[in-house]
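Visitor: Below is one structure. I have some questions about it.
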Amino acid sequence: NLSKRMQAVADLVPAAKTIADIGSDHAYLPAYLLLNGIIQFAIAGEVRKGPLKNVTLEIERLQLQGKMEARLGDGLDVIHANDQVEVITIAGMGGELITKILERGIDKLNSGTTLVLQPNVDENILRSWLMKHNFKIIAENIVVDANHYYEMIKAQYCFEQVVYSKTELDFGPILKQQQSPIFKAKWNHRLKKNNEILAKLKKSNTHPVTKIKKLESFKSEMEDVLN
Ligand code: SAM
């Protein structure tokens, strides 16, 4: 059984012949997709030898030899042109690291690539990168798992220009639209925290104006989205 977070990632992966899961560690995601017949072949990439060993053990345990390949390498380096990868999944890392991996491996992306991404933090950084490179966000998901809110983003290359507002980049164009109970809970929680920090800063002797302004503008952004 997958964790709630992983299941929500898996739910966004379309049926495909070949996927590459980057930073795969235990390879739970590609293993699930293979065992459920959603995909036919998986490349599980890892930059570190320890986690790569976990992939190898999982392949043996589930007898997925010939269906999953463990490859050592940095980011999208493990993807070769003749693999004909249709979907790239990157989950469980910061949005900044996911962005770096995509930026460094941009040559491996083409108009047919579907990206399924799950940043632990800094979702806005990742969405900005997607917009800049004409990847349209076609689905999003949000779950709460072990007291942490996780967002999933599915994106596809688009030949027309993709434009998102700052608010859409910060909150997710689809998540913001859907206003699910989990989405509301996340941002109400953030708003409360933001207000607590603001109150403290306003009382402090240093009274850091720039910081206060930033928090105040984020506060009104959150209030607008939640209303
Ligand atoms: N994807 C799994 C998940 O969502 O549960 C594992 C997440 S684990 C926290 C992050 C993994 O990414 C680590 O095993 C780490 O070695 C790997 N990683 C970090 N940077 C990477 C890179 N540049 N290329 C490939 N793997 C990377």
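Labels used: A, B, ... for chains in the order of the structure tokens, numbers from 1 for residues in each chain, and numbers from 1 for ligands as shown.
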Could you pull out the residues sitting within 7 Å of ligand 1, using only C-alpha atoms and all ligand atoms, and write them as a short mmCIF file (atom, residue, chain, number, x, y, z; two decimals) with C-alpha atoms, in the first residue's frame?
Guide:
```
data_model
loop_
_atom_site.label_atom_id
_atom_site.label_comp_id
_atom_site.auth_asym_id
_atom_site.auth_seq_id
_atom_site.Cartn_x
_atom_site.Cartn_y
_atom_site.Cartn_z
CA MET A 6 2.38 8.60 -3.01
CA ILE A 22 13.77 10.47 -10.74
CA GLY A 23 14.98 10.26 -7.14
CA SER A 24 13.16 6.99 -6.81
CA ASP A 25 14.68 5.70 -3.54
CA HIS A 26 12.55 2.63 -2.71
CA ALA A 27 10.88 2.75 -6.13
CA GLY A 45 16.90 7.04 -11.39
CA GLU A 46 18.95 7.79 -8.29
CA VAL A 47 21.93 10.03 -7.73
CA ARG A 48 23.04 8.21 -4.58
CA PRO A 51 18.86 4.68 -2.45
CA GLY A 73 22.88 9.30 -12.33
CA ASP A 74 22.10 12.93 -11.69
CA GLY A 75 18.53 13.95 -12.52
CA ILE A 90 9.77 13.52 -9.53
CA ALA A 91 8.41 13.34 -5.99
CA GLY A 92 9.40 14.00 -2.41
CA MET A 93 11.96 16.78 -2.89
CA LEU A 97 15.60 20.90 -6.39
CA ILE A 101 16.71 18.88 -12.13
#
```
Visitor: Within 10 Å of Lys166 in chain A, counting only C-alpha atoms, which residues show up once you throw out same-chain ones fewer than 2 positions away? Write them as a list of chain:residue names, please.
Guide: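 Listing them by chain and then by number gives A:Asn124, A:Arg127, A:Ser128, A:Val163, A:Tyr164, A:Glu168, A:Leu169, A:Asp170, A:Phe171, A:Gly172, A:Pro173, A:Glu221.
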Visitor: Would you compute the distance between CA of Lys108 in chain A and CA of Ile153 in chain A? Give it in Å to one decimal.
Guide: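 So the answer is 18.9 Å.
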Visitor: I'd like to know which of A:Tyr28, A:Tyr150, A:Phe183, A:Phe41 is closest to Asn54 in chain A, using only C-alpha atoms.
Guide: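 Smallest distance to Asn54 in chain A is found for A:Tyr28.
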Visitor: Pick from A:Ile59, A:Ile38, A:Val9, A:Ala185: nearest to Glu151 in chain A, with only C-alpha atoms counted?
Guide: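 The shortest atom-to-atom distance to Glu151 in chain A comes from A:Val9.
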Visitor: Mind checking DSSP for range 80-180 of chain A and telling me the strand (DSSP E or B) residues as an mmCIF file with C-alpha atoms, in the first residue's frame?
Guide:
```
data_model
loop_
_atom_site.group_PDB
_atom_site.id
_atom_site.type_symbol
_atom_site.label_atom_id
_atom_site.label_comp_id
_atom_site.auth_asym_id
_atom_site.auth_seq_id
_atom_site.Cartn_x
_atom_site.Cartn_y
_atom_site.Cartn_z
ATOM 1 C CA VAL A 87 6.158 10.460 -18.368
ATOM 2 C CA ILE A 88 8.684 11.788 -15.867
ATOM 3 C CA THR A 89 7.796 11.650 -12.185
ATOM 4 C CA ILE A 90 9.770 13.518 -9.526
ATOM 5 C CA ALA A 91 8.405 13.344 -5.985
ATOM 6 C CA GLY A 92 9.400 14.005 -2.406
ATOM 7 C CA MET A 93 11.955 16.781 -2.895
ATOM 8 C CA THR A 114 4.112 14.572 -19.299
ATOM 9 C CA LEU A 115 5.528 15.715 -15.973
ATOM 10 C CA VAL A 116 4.084 14.524 -12.671
ATOM 11 C CA LEU A 117 5.759 16.441 -9.868
ATOM 12 C CA GLN A 118 5.365 16.532 -6.109
ATOM 13 C CA PRO A 119 7.380 19.264 -4.429
ATOM 14 C CA PHE A 135 4.472 23.698 -19.568
ATOM 15 C CA LYS A 136 0.775 23.975 -18.892
ATOM 16 C CA ILE A 137 -0.541 22.709 -15.568
ATOM 17 C CA ILE A 138 -3.250 20.230 -16.532
ATOM 18 C CA ALA A 139 -4.036 18.721 -13.131
ATOM 19 C CA GLU A 140 -3.251 19.320 -9.484
ATOM 20 C CA ASN A 141 -3.904 17.527 -6.262
ATOM 21 C CA ILE A 142 -3.446 18.284 -2.568
ATOM 22 C CA VAL A 143 -3.402 15.876 0.361
ATOM 23 C CA VAL A 144 -2.512 16.016 4.015
ATOM 24 C CA ASP A 145 -0.296 13.166 5.189
ATOM 25 C CA HIS A 148 2.114 17.911 6.159
ATOM 26 C CA TYR A 149 0.275 19.313 3.161
ATOM 27 C CA TYR A 150 1.547 17.948 -0.140
ATOM 28 C CA GLU A 151 0.767 19.303 -3.576
ATOM 29 C CA MET A 152 0.980 17.351 -6.837
ATOM 30 C CA ILE A 153 1.340 19.022 -10.217
ATOM 31 C CA LYS A 154 0.823 17.437 -13.615
ATOM 32 C CA ALA A 155 2.108 19.426 -16.585
ATOM 33 C CA GLN A 156 2.275 19.073 -20.316
ATOM 34 C CA TYR A 157 4.138 21.055 -22.950
#
```
Visitor: For Arg190 in chain A, which residue out of A:Leu57, A:Leu215, A:Ile98, A:Ala81 is the nearest one, using only C-alpha atoms?
Guide: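 Nearest candidate to Arg190 in chain A out of A:Leu57, A:Leu215, A:Ile98, A:Ala81: A:Leu215.
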Visitor: Identify, on the basis of only C-alpha atoms, every residue whose closest approach to range 217-219 of chain A does not exceed 7 Å; exclude the query and any residue fewer than 4 positions from it along the same chain; express the result as a PyMOL selection string.
Guide: chain A and resi 191+194+213+223
Visitor: Find, counting only C-alpha atoms, the residue in A:Thr18, A:Gln63, A:Ser220, A:Ser180 that gets nearest to Thr167 in chain A.
Guide: A:Ser220
Visitor: How many Å separate CA of Leu29 in chain A from CA of Val121 in chain A?
Guide: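 CA of Val121 in chain A lies 19.6 Å from CA of Leu29 in chain A.
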Visitor: Please compute the CA of Ile174 in chain A-CA of Gly112 in chain A distance, one decimal, in Å.
Guide: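 Separating CA of Ile174 in chain A from CA of Gly112 in chain A is a distance of 21.4 Å.
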